[in-house]
$ cat run01.cif   # mmCIF, C-alpha atoms
data_start
loop_
_atom_site.group_PDB
_atom_site.id
_atom_site.type_symbol
_atom_site.label_atom_id
_atom_site.label_comp_id
_atom_site.auth_asym_id
_atom_site.auth_seq_id
_atom_site.Cartn_x
_atom_site.Cartn_y
_atom_site.Cartn_z
ATOM 1 C CA MET J 711 127.685 83.585 119.064
ATOM 2 C CA ASP J 712 126.688 86.357 121.454
ATOM 3 C CA GLY J 713 127.492 86.788 125.143
ATOM 4 C CA PHE J 714 124.375 85.061 126.472
ATOM 5 C CA GLU J 715 125.061 82.027 124.274
ATOM 6 C CA LYS J 716 128.630 81.845 125.600
ATOM 7 C CA ILE J 717 127.412 82.051 129.202
ATOM 8 C CA GLY J 718 124.815 79.342 128.498
ATOM 9 C CA TYR J 719 127.339 76.987 126.917
ATOM 10 C CA ALA J 720 129.855 77.592 129.721
ATOM 11 C CA CYS J 721 127.287 76.790 132.439
ATOM 12 C CA LEU J 722 126.021 73.685 130.624
ATOM 13 C CA GLY J 723 129.597 72.519 129.995
ATOM 14 C CA LEU J 724 130.454 72.977 133.663
ATOM 15 C CA VAL J 725 127.397 70.995 134.768
ATOM 16 C CA ALA J 726 128.207 68.268 132.215
ATOM 17 C CA LEU J 727 131.747 67.997 133.596
ATOM 18 C CA PHE J 728 130.508 67.695 137.178
ATOM 19 C CA TYR J 729 127.893 65.175 136.072
ATOM 20 C CA LEU J 730 130.571 63.097 134.334
ATOM 21 C CA GLY J 731 132.773 63.282 137.428
ATOM 22 C CA ALA J 732 129.865 62.164 139.609
ATOM 23 C CA LEU J 733 129.202 59.240 137.260
ATOM 24 C CA ILE J 734 132.822 58.102 137.506
ATOM 25 C CA VAL J 735 132.973 58.498 141.295
ATOM 26 C CA GLY J 736 129.629 56.709 141.649
ATOM 27 C CA SER J 737 130.770 53.839 139.447
ATOM 28 C CA VAL J 738 133.936 53.374 141.506
ATOM 29 C CA ALA J 739 131.997 53.675 144.781
ATOM 30 C CA ALA J 740 129.582 50.938 143.645
ATOM 31 C CA PHE J 741 132.474 48.444 143.312
ATOM 32 C CA PRO J 742 132.457 45.766 141.895
ATOM 33 C CA LEU J 743 129.234 46.041 139.795
ATOM 34 C CA GLY J 744 129.799 49.755 139.281
ATOM 35 C CA LEU J 745 132.821 48.910 137.158
ATOM 36 C CA LEU J 746 130.369 47.818 134.451
ATOM 37 C CA GLY J 747 129.147 51.412 134.253
ATOM 38 C CA LEU J 748 132.741 52.607 134.138
ATOM 39 C CA VAL J 749 133.461 50.343 131.165
ATOM 40 C CA ALA J 750 130.354 51.690 129.412
ATOM 41 C CA LEU J 751 131.511 55.263 130.131
ATOM 42 C CA VAL J 752 134.927 54.522 128.626
ATOM 43 C CA GLY J 753 133.227 53.061 125.541
ATOM 44 C CA ILE J 754 130.983 56.085 125.047
ATOM 45 C CA GLY J 755 133.920 58.401 125.728
ATOM 46 C CA ALA J 756 135.988 56.681 123.033
ATOM 47 C CA LEU J 757 133.133 57.063 120.547
ATOM 48 C CA CYS J 758 132.767 60.733 121.533
ATOM 49 C CA ILE J 759 136.464 61.328 120.863
ATOM 50 C CA LYS J 760 136.111 59.649 117.467
ATOM 51 C CA VAL J 761 133.082 61.783 116.517
ATOM 52 C CA ILE J 762 134.707 65.043 117.666
ATOM 53 C CA GLY J 763 137.945 64.193 115.865
ATOM 54 C CA GLU J 764 136.137 63.409 112.623
ATOM 55 C CA ARG J 765 134.149 66.645 112.812
ATOM 56 C CA LEU J 766 137.289 68.722 113.440
ATOM 57 C CA ARG J 767 139.029 67.174 110.422
ATOM 58 C CA ASN J 768 136.022 67.503 108.094
ATOM 59 C CA ARG J 769 136.731 70.462 105.786
ATOM 60 C CA GLU J 770 133.488 69.901 103.822
ATOM 61 C CA ASP J 771 131.411 70.454 106.972
ATOM 62 C CA ASP J 772 133.450 73.581 107.769
ATOM 63 C CA HIS J 773 132.702 74.947 104.317
ATOM 64 C CA TYR J 774 128.925 74.595 104.698
ATOM 65 C CA SER J 775 128.924 75.767 108.318
ATOM 66 C CA LYS J 776 130.796 78.971 107.464
ATOM 67 C CA ASN J 777 129.375 79.819 104.052
ATOM 68 C CA VAL J 778 125.698 78.819 104.102
ATOM 69 C CA ASP J 779 123.242 80.754 106.248
ATOM 70 C CA GLN J 780 119.808 80.446 104.677
ATOM 71 C CA MET O 674 126.853 72.950 85.017
ATOM 72 C CA LYS O 675 123.363 74.051 83.979
ATOM 73 C CA MET O 676 120.555 72.905 86.217
ATOM 74 C CA THR O 677 116.807 73.234 86.003
ATOM 75 C CA THR O 678 113.649 71.837 87.505
ATOM 76 C CA GLN O 679 112.128 71.840 84.011
ATOM 77 C CA ASP O 680 112.421 68.956 81.579
ATOM 78 C CA GLU O 681 114.487 70.949 79.098
ATOM 79 C CA PHE O 682 116.459 74.183 78.700
ATOM 80 C CA ALA O 683 115.171 77.112 76.686
ATOM 81 C CA GLU O 684 118.540 77.924 75.067
ATOM 82 C CA HIS O 685 119.941 74.393 74.748
ATOM 83 C CA GLU O 686 118.656 71.102 73.436
ATOM 84 C CA ILE O 687 119.399 67.721 74.924
ATOM 85 C CA VAL O 688 121.557 65.517 72.723
ATOM 86 C CA ALA O 689 122.187 62.669 75.187
ATOM 87 C CA THR O 690 120.570 61.381 78.353
ATOM 88 C CA LEU O 691 123.191 60.070 80.770
ATOM 89 C CA GLY O 692 120.875 58.826 83.499
ATOM 90 C CA LEU O 693 119.885 59.496 87.076
ATOM 91 C CA VAL O 694 122.167 61.596 89.268
ATOM 92 C CA THR O 695 121.660 61.932 93.008
ATOM 93 C CA GLY O 696 123.164 63.690 95.981
ATOM 94 C CA ASN O 697 122.101 63.231 99.567
ATOM 95 C CA THR O 698 123.122 64.259 103.031
ATOM 96 C CA ILE O 699 121.915 64.186 106.609
ATOM 97 C CA ARG O 700 122.974 67.149 108.724
ATOM 98 C CA SER O 701 122.378 68.178 112.306
ATOM 99 C CA ARG O 702 123.329 71.065 114.583
ATOM 100 C CA HIS O 703 125.170 70.667 117.852
ATOM 101 C CA ILE O 704 123.278 70.186 121.107
ATOM 102 C CA GLY O 705 123.573 73.865 122.082
ATOM 103 C CA LYS O 706 121.758 74.904 118.911
ATOM 104 C CA ASP O 707 119.119 72.225 119.508
ATOM 105 C CA ILE O 708 118.453 73.700 122.962
ATOM 106 C CA LEU O 709 118.215 77.199 121.471
ATOM 107 C CA ALA O 710 115.813 75.936 118.798
ATOM 108 C CA GLY O 711 113.633 74.299 121.445
ATOM 109 C CA LEU O 712 113.476 77.565 123.378
ATOM 110 C CA ARG O 713 112.596 79.482 120.197
ATOM 111 C CA SER O 714 109.671 77.143 119.604
ATOM 112 C CA ILE O 715 108.251 78.264 122.976
ATOM 113 C CA ILE O 716 108.405 81.949 122.036
ATOM 114 C CA GLY O 717 107.570 81.591 118.331
ATOM 115 C CA GLY O 718 109.135 83.085 115.206
ATOM 116 C CA GLU O 719 111.796 81.768 112.866
ATOM 117 C CA VAL O 720 113.986 78.982 114.183
ATOM 118 C CA ILE O 721 117.179 80.258 112.567
ATOM 119 C CA GLU O 722 119.245 77.334 113.831
ATOM 120 C CA TYR O 723 117.203 74.902 111.759
ATOM 121 C CA THR O 724 116.877 77.297 108.825
ATOM 122 C CA LYS O 725 120.661 77.180 108.587
ATOM 123 C CA MET O 726 120.721 73.402 108.977
ATOM 124 C CA LEU O 727 118.262 72.895 106.120
ATOM 125 C CA ALA O 728 120.110 75.385 103.916
ATOM 126 C CA GLU O 729 123.381 73.539 104.515
ATOM 127 C CA ALA O 730 121.722 70.213 103.670
ATOM 128 C CA ARG O 731 120.204 71.670 100.510
ATOM 129 C CA GLU O 732 123.512 73.079 99.253
ATOM 130 C CA GLN O 733 125.475 69.955 100.134
ATOM 131 C CA SER O 734 123.035 67.604 98.411
ATOM 132 C CA LEU O 735 123.020 69.845 95.324
ATOM 133 C CA ASP O 736 126.825 69.918 95.243
ATOM 134 C CA ARG O 737 126.977 66.132 95.545
ATOM 135 C CA MET O 738 124.450 65.728 92.734
ATOM 136 C CA LYS O 739 126.533 68.088 90.577
ATOM 137 C CA ALA O 740 129.659 66.065 91.362
ATOM 138 C CA HIS O 741 127.826 62.903 90.306
ATOM 139 C CA ALA O 742 126.819 64.568 87.032
ATOM 140 C CA GLN O 743 130.377 65.782 86.413
ATOM 141 C CA LYS O 744 131.576 62.196 86.857
ATOM 142 C CA LEU O 745 129.290 61.287 83.968
ATOM 143 C CA LYS O 746 130.714 64.231 81.983
ATOM 144 C CA ALA O 747 127.284 65.854 81.785
ATOM 145 C CA ASP O 748 126.656 69.440 80.675
ATOM 146 C CA GLY O 749 123.463 69.852 82.649
ATOM 147 C CA ILE O 750 120.842 68.332 84.895
ATOM 148 C CA VAL O 751 117.130 68.503 84.119
ATOM 149 C CA GLY O 752 114.077 67.638 86.188
ATOM 150 C CA ILE O 753 115.750 68.361 89.522
ATOM 151 C CA ARG O 754 113.695 67.440 92.571
ATOM 152 C CA PHE O 755 114.282 67.444 96.314
ATOM 153 C CA THR O 756 112.896 64.906 98.701
ATOM 154 C CA THR O 757 113.274 64.336 102.408
ATOM 155 C CA SER O 758 112.473 61.648 104.947
ATOM 156 C CA PRO O 759 112.648 61.616 108.746
ATOM 157 C CA ILE O 760 115.673 59.569 109.816
ATOM 158 C CA MET O 761 116.392 61.048 113.244
ATOM 159 C CA ALA O 762 115.012 63.838 115.379
ATOM 160 C CA GLY O 763 116.714 67.209 114.997
ATOM 161 C CA ALA O 764 118.430 66.266 111.734
ATOM 162 C CA ALA O 765 117.698 67.150 108.131
ATOM 163 C CA GLU O 766 117.945 64.565 105.387
ATOM 164 C CA LEU O 767 117.773 65.882 101.857
ATOM 165 C CA LEU O 768 118.028 63.923 98.633
ATOM 166 C CA ALA O 769 118.445 65.877 95.416
ATOM 167 C CA TYR O 770 117.988 64.020 92.164
ATOM 168 C CA GLY O 771 117.664 64.738 88.490
ATOM 169 C CA THR O 772 118.619 63.517 85.041
ATOM 170 C CA ALA O 773 122.094 64.241 83.707
ATOM 171 C CA VAL O 774 122.173 65.295 80.079
ATOM 172 C CA ARG O 775 124.543 66.476 77.375
ATOM 173 C CA LEU O 776 123.545 69.737 75.717
ATOM 174 C CA ARG O 777 124.208 71.815 72.644
ATOM 175 C CA PRO O 778 122.964 75.299 71.812
ATOM 176 C CA ARG O 779 119.754 75.183 69.839
ATOM 177 C CA GLY O 780 120.335 75.263 66.066
ATOM 178 C CA GLU O 781 123.767 73.542 66.048
ATOM 179 C CA PRO O 782 124.344 70.132 64.390
ATOM 180 C CA GLY O 783 124.148 67.045 66.668
ATOM 181 C CA ASN O 784 126.906 65.306 68.611
ATOM 182 C CA ALA O 785 126.767 61.727 69.887
ATOM 183 C CA PRO O 786 123.521 59.754 69.578
ATOM 184 C CA ALA O 787 121.585 59.439 72.822
ATOM 185 C CA THR O 788 121.565 55.625 72.937
ATOM 186 C CA GLU O 789 125.389 55.409 72.936
ATOM 187 C CA ALA O 790 125.625 57.753 75.906
ATOM 188 C CA VAL O 791 123.169 55.648 77.935
ATOM 189 C CA VAL O 792 125.282 52.524 77.347
ATOM 190 C CA LYS O 793 128.387 54.365 78.601
ATOM 191 C CA ALA O 794 126.593 55.540 81.720
ATOM 192 C CA THR O 795 125.626 51.998 82.705
ATOM 193 C CA LYS O 796 129.291 50.906 82.728
ATOM 194 C CA ILE O 797 130.376 53.260 85.502
ATOM 195 C CA PRO O 798 130.967 51.156 88.641
ATOM 196 C CA GLY O 799 129.458 52.147 91.944
ATOM 197 C CA ASP O 800 126.377 53.835 90.531
ATOM 198 C CA ASN O 801 123.021 52.853 91.884
ATOM 199 C CA PHE O 802 120.739 50.211 90.430
ATOM 200 C CA MET O 803 118.328 52.731 88.934
ATOM 201 C CA LEU O 804 121.086 53.980 86.647
ATOM 202 C CA GLU O 805 122.182 50.463 85.687
ATOM 203 C CA ARG O 806 118.613 49.550 84.791
ATOM 204 C CA GLY O 807 118.568 52.556 82.447
#
$ encode --input "run01.cif" --output "structure tokens"
Amino acid sequence: MDGFEKIGYACLGLVALFYLGALIVGSVAAFPLGLLGLVALVGIGALCIKVIGERLRNREDDHYSKNVDQ
Amino acid sequence: MKMTTQDEFAEHEIVATLGLVTGNTIRSRHIGKDILAGLRSIIGGEVIEYTKMLAEAREQSLDRMKAHAQKLKADGIVGIRFTTSPIMAGAAELLAYGTAVRLRPRGEPGNAPATEAVVKATKIPGDNFMLERG
């Protein structure tokens, strides 16, 4: 991963964080129907945590990611 | 484990056919690599992000097919083929398949008869229906 890639990921991550924050604030502001969106966000967030956790624990995926290039 | 895309080996002869062995996987890259790949398609040239993804899928499906053959106590796999089908965008599905066999160097006396080995292969639980049908 070179410097430009790092800068790109950092900027996109920052925007994603702000976007997520805006979604949460907007859901709370649109009370009471906005809470539906909040529940959906929590559901997707839980699934995201599951997927990330499984990927981090998967040694087989690590092996192919690190050792196979082309 | 000897493997070939041919139907037989030059230095070994097949003494038993153990049945179909398969290995498949579906792999993807993370969203950052997908964005990079999309940008590369604008400029042209090799999309190295997806080259790596396909290589990973190829190796993983081969390794899984080998593991399947080792479960059958095979010495080799003949007639290896790869196939793919589009399941989701930006992901690579690869299925590797072949026929697991027992081998002996050419010119040596035989081991177990082929029909006995096929019967044993059908008794392994969890294998797919193609194998059970022989």
$ resolve_selection --input "run01.cif" --expression "the PyMOL selection byres ((chain O) within 8 of (chain J))" --output "MDAnalysis selection string"
chainID O and resid 705 724:725 727:729 732:733
$ atom_distance --input "run01.cif" --atom1 "CA of Gly744 in chain J" --atom2 "CA of Gly763 in chain J"
28.7 Å
$ atom_distance --input "run01.cif" --atom1 "CA of Asp707 in chain O" --atom2 "CA of Ala765 in chain O"
12.5 Å
$ resolve_selection --input "run01.cif" --expression "the PyMOL selection byres ((chain J and resi 751-759) around 12)" --output "PyMOL selection string"
chain J and resi 730-738+744-750+760-766
$ closest_residue --input "run01.cif" --among "O:Ala683, O:Val688, O:Val720, O:Ile699" --to "Ala762 in chain O" --atoms "all atoms listed in the file"
O:Ile699
$ atom_distance --input "run01.cif" --atom1 "CA of Ala747 in chain O" --atom2 "CA of Glu781 in chain O"
17.9 Å
$ resolve_selection --input "run01.cif" --expression "the PyMOL selection byres ((chain O and resi 774) around 10)" --output "PyMOL selection string"
chain O and resi 675-676+681+686-694+742+745-751+771-773+775-776+787+790-791
$ closest_residue --input "run01.cif" --among "O:Arg700, O:Ala730, O:Asp736, O:Ala769" --to "Thr756 in chain O" --atoms "only C-alpha atoms"
O:Ala769
$ residues_around --input "run01.cif" --residues "range 709-712 of chain O" --least-positions-apart "6" --cutoff "8 Å" --atoms "all atoms listed in the file" --output "number ranges by chain"
O: 720-723
$ decode --input "run01.cif" --residues "range 738-770 of chain J" --atoms "N, CA and C atoms" --output "mmCIF file, in the first residue's frame"
data_model
loop_
_atom_site.group_PDB
_atom_site.id
_atom_site.type_symbol
_atom_site.label_atom_id
_atom_site.label_comp_id
_atom_site.auth_asym_id
_atom_site.auth_seq_id
_atom_site.Cartn_x
_atom_site.Cartn_y
_atom_site.Cartn_z
ATOM 1 N N VAL J 738 -32.346 10.401 14.785
ATOM 2 C CA VAL J 738 -32.840 10.876 16.083
ATOM 3 C C VAL J 738 -33.691 12.142 15.891
ATOM 4 N N ALA J 739 -33.245 13.015 14.970
ATOM 5 C CA ALA J 739 -33.971 14.264 14.735
ATOM 6 C C ALA J 739 -35.368 14.000 14.164
ATOM 7 N N ALA J 740 -35.485 12.904 13.374
ATOM 8 C CA ALA J 740 -36.778 12.581 12.759
ATOM 9 C C ALA J 740 -37.615 11.702 13.688
ATOM 10 N N PHE J 741 -37.520 11.938 14.997
ATOM 11 C CA PHE J 741 -38.282 11.167 15.989
ATOM 12 C C PHE J 741 -39.778 11.347 15.736
ATOM 13 N N PRO J 742 -40.647 10.353 15.822
ATOM 14 C CA PRO J 742 -40.364 8.982 16.262
ATOM 15 C C PRO J 742 -40.079 8.021 15.104
ATOM 16 N N LEU J 743 -40.485 8.386 13.839
ATOM 17 C CA LEU J 743 -40.305 7.435 12.730
ATOM 18 C C LEU J 743 -38.826 7.204 12.400
ATOM 19 N N GLY J 744 -38.009 8.197 12.699
ATOM 20 C CA GLY J 744 -36.578 8.071 12.434
ATOM 21 C C GLY J 744 -35.929 6.942 13.223
ATOM 22 N N LEU J 745 -36.569 6.576 14.333
ATOM 23 C CA LEU J 745 -36.012 5.480 15.141
ATOM 24 C C LEU J 745 -35.982 4.170 14.353
ATOM 25 N N LEU J 746 -36.890 4.048 13.380
ATOM 26 C CA LEU J 746 -36.857 2.843 12.519
ATOM 27 C C LEU J 746 -35.517 2.742 11.791
ATOM 28 N N GLY J 747 -35.065 3.894 11.259
ATOM 29 C CA GLY J 747 -33.772 3.929 10.582
ATOM 30 C C GLY J 747 -32.637 3.610 11.534
ATOM 31 N N LEU J 748 -32.778 4.089 12.773
ATOM 32 C CA LEU J 748 -31.747 3.818 13.783
ATOM 33 C C LEU J 748 -31.645 2.321 14.072
ATOM 34 N N VAL J 749 -32.808 1.673 14.168
ATOM 35 C CA VAL J 749 -32.821 0.221 14.408
ATOM 36 C C VAL J 749 -32.156 -0.502 13.230
ATOM 37 N N ALA J 750 -32.464 -0.057 12.017
ATOM 38 C CA ALA J 750 -31.840 -0.672 10.833
ATOM 39 C C ALA J 750 -30.327 -0.474 10.857
ATOM 40 N N LEU J 751 -29.894 0.740 11.265
ATOM 41 C CA LEU J 751 -28.449 1.018 11.354
ATOM 42 C C LEU J 751 -27.774 0.096 12.358
ATOM 43 N N VAL J 752 -28.435 -0.106 13.509
ATOM 44 C CA VAL J 752 -27.866 -0.999 14.528
ATOM 45 C C VAL J 752 -27.757 -2.421 13.973
ATOM 46 N N GLY J 753 -28.790 -2.850 13.232
ATOM 47 C CA GLY J 753 -28.760 -4.189 12.639
ATOM 48 C C GLY J 753 -27.612 -4.346 11.664
ATOM 49 N N ILE J 754 -27.460 -3.378 10.770
ATOM 50 C CA ILE J 754 -26.370 -3.455 9.780
ATOM 51 C C ILE J 754 -25.014 -3.355 10.478
ATOM 52 N N GLY J 755 -24.944 -2.516 11.507
ATOM 53 C CA GLY J 755 -23.695 -2.390 12.263
ATOM 54 C C GLY J 755 -23.311 -3.704 12.920
ATOM 55 N N ALA J 756 -24.304 -4.407 13.489
ATOM 56 C CA ALA J 756 -24.012 -5.696 14.126
ATOM 57 C C ALA J 756 -23.498 -6.698 13.101
ATOM 58 N N LEU J 757 -24.113 -6.697 11.910
ATOM 59 C CA LEU J 757 -23.653 -7.612 10.859
ATOM 60 C C LEU J 757 -22.241 -7.254 10.390
ATOM 61 N N CYS J 758 -21.970 -5.932 10.327
ATOM 62 C CA CYS J 758 -20.624 -5.478 9.940
ATOM 63 C C CYS J 758 -19.584 -5.977 10.943
ATOM 64 N N ILE J 759 -19.916 -5.863 12.230
ATOM 65 C CA ILE J 759 -18.971 -6.314 13.263
ATOM 66 C C ILE J 759 -18.728 -7.811 13.130
ATOM 67 N N LYS J 760 -19.792 -8.551 12.849
ATOM 68 C CA LYS J 760 -19.647 -10.010 12.661
ATOM 69 C C LYS J 760 -18.710 -10.325 11.485
ATOM 70 N N VAL J 761 -18.945 -9.635 10.349
ATOM 71 C CA VAL J 761 -18.145 -9.903 9.145
ATOM 72 C C VAL J 761 -16.673 -9.552 9.385
ATOM 73 N N ILE J 762 -16.438 -8.380 10.004
ATOM 74 C CA ILE J 762 -15.052 -7.958 10.256
ATOM 75 C C ILE J 762 -14.370 -8.917 11.219
ATOM 76 N N GLY J 763 -15.095 -9.325 12.255
ATOM 77 C CA GLY J 763 -14.530 -10.270 13.228
ATOM 78 C C GLY J 763 -14.168 -11.594 12.583
ATOM 79 N N GLU J 764 -15.055 -12.097 11.738
ATOM 80 C CA GLU J 764 -14.778 -13.381 11.070
ATOM 81 C C GLU J 764 -13.575 -13.274 10.150
ATOM 82 N N ARG J 765 -13.467 -12.140 9.440
ATOM 83 C CA ARG J 765 -12.324 -11.962 8.536
ATOM 84 C C ARG J 765 -11.014 -11.893 9.316
ATOM 85 N N LEU J 766 -11.039 -11.187 10.476
ATOM 86 C CA LEU J 766 -9.805 -11.045 11.254
ATOM 87 C C LEU J 766 -9.360 -12.380 11.850
ATOM 88 N N ARG J 767 -10.310 -13.268 12.111
ATOM 89 C CA ARG J 767 -9.951 -14.566 12.708
ATOM 90 C C ARG J 767 -9.647 -15.629 11.654
ATOM 91 N N ASN J 768 -9.849 -15.321 10.374
ATOM 92 C CA ASN J 768 -9.724 -16.334 9.333
ATOM 93 C C ASN J 768 -8.269 -16.454 8.861
ATOM 94 N N ARG J 769 -7.568 -17.452 9.356
ATOM 95 C CA ARG J 769 -6.151 -17.644 9.011
ATOM 96 C C ARG J 769 -5.993 -18.106 7.556
ATOM 97 N N GLU J 770 -6.993 -18.846 7.046
ATOM 98 C CA GLU J 770 -6.910 -19.327 5.653
ATOM 99 C C GLU J 770 -6.903 -18.136 4.694
#
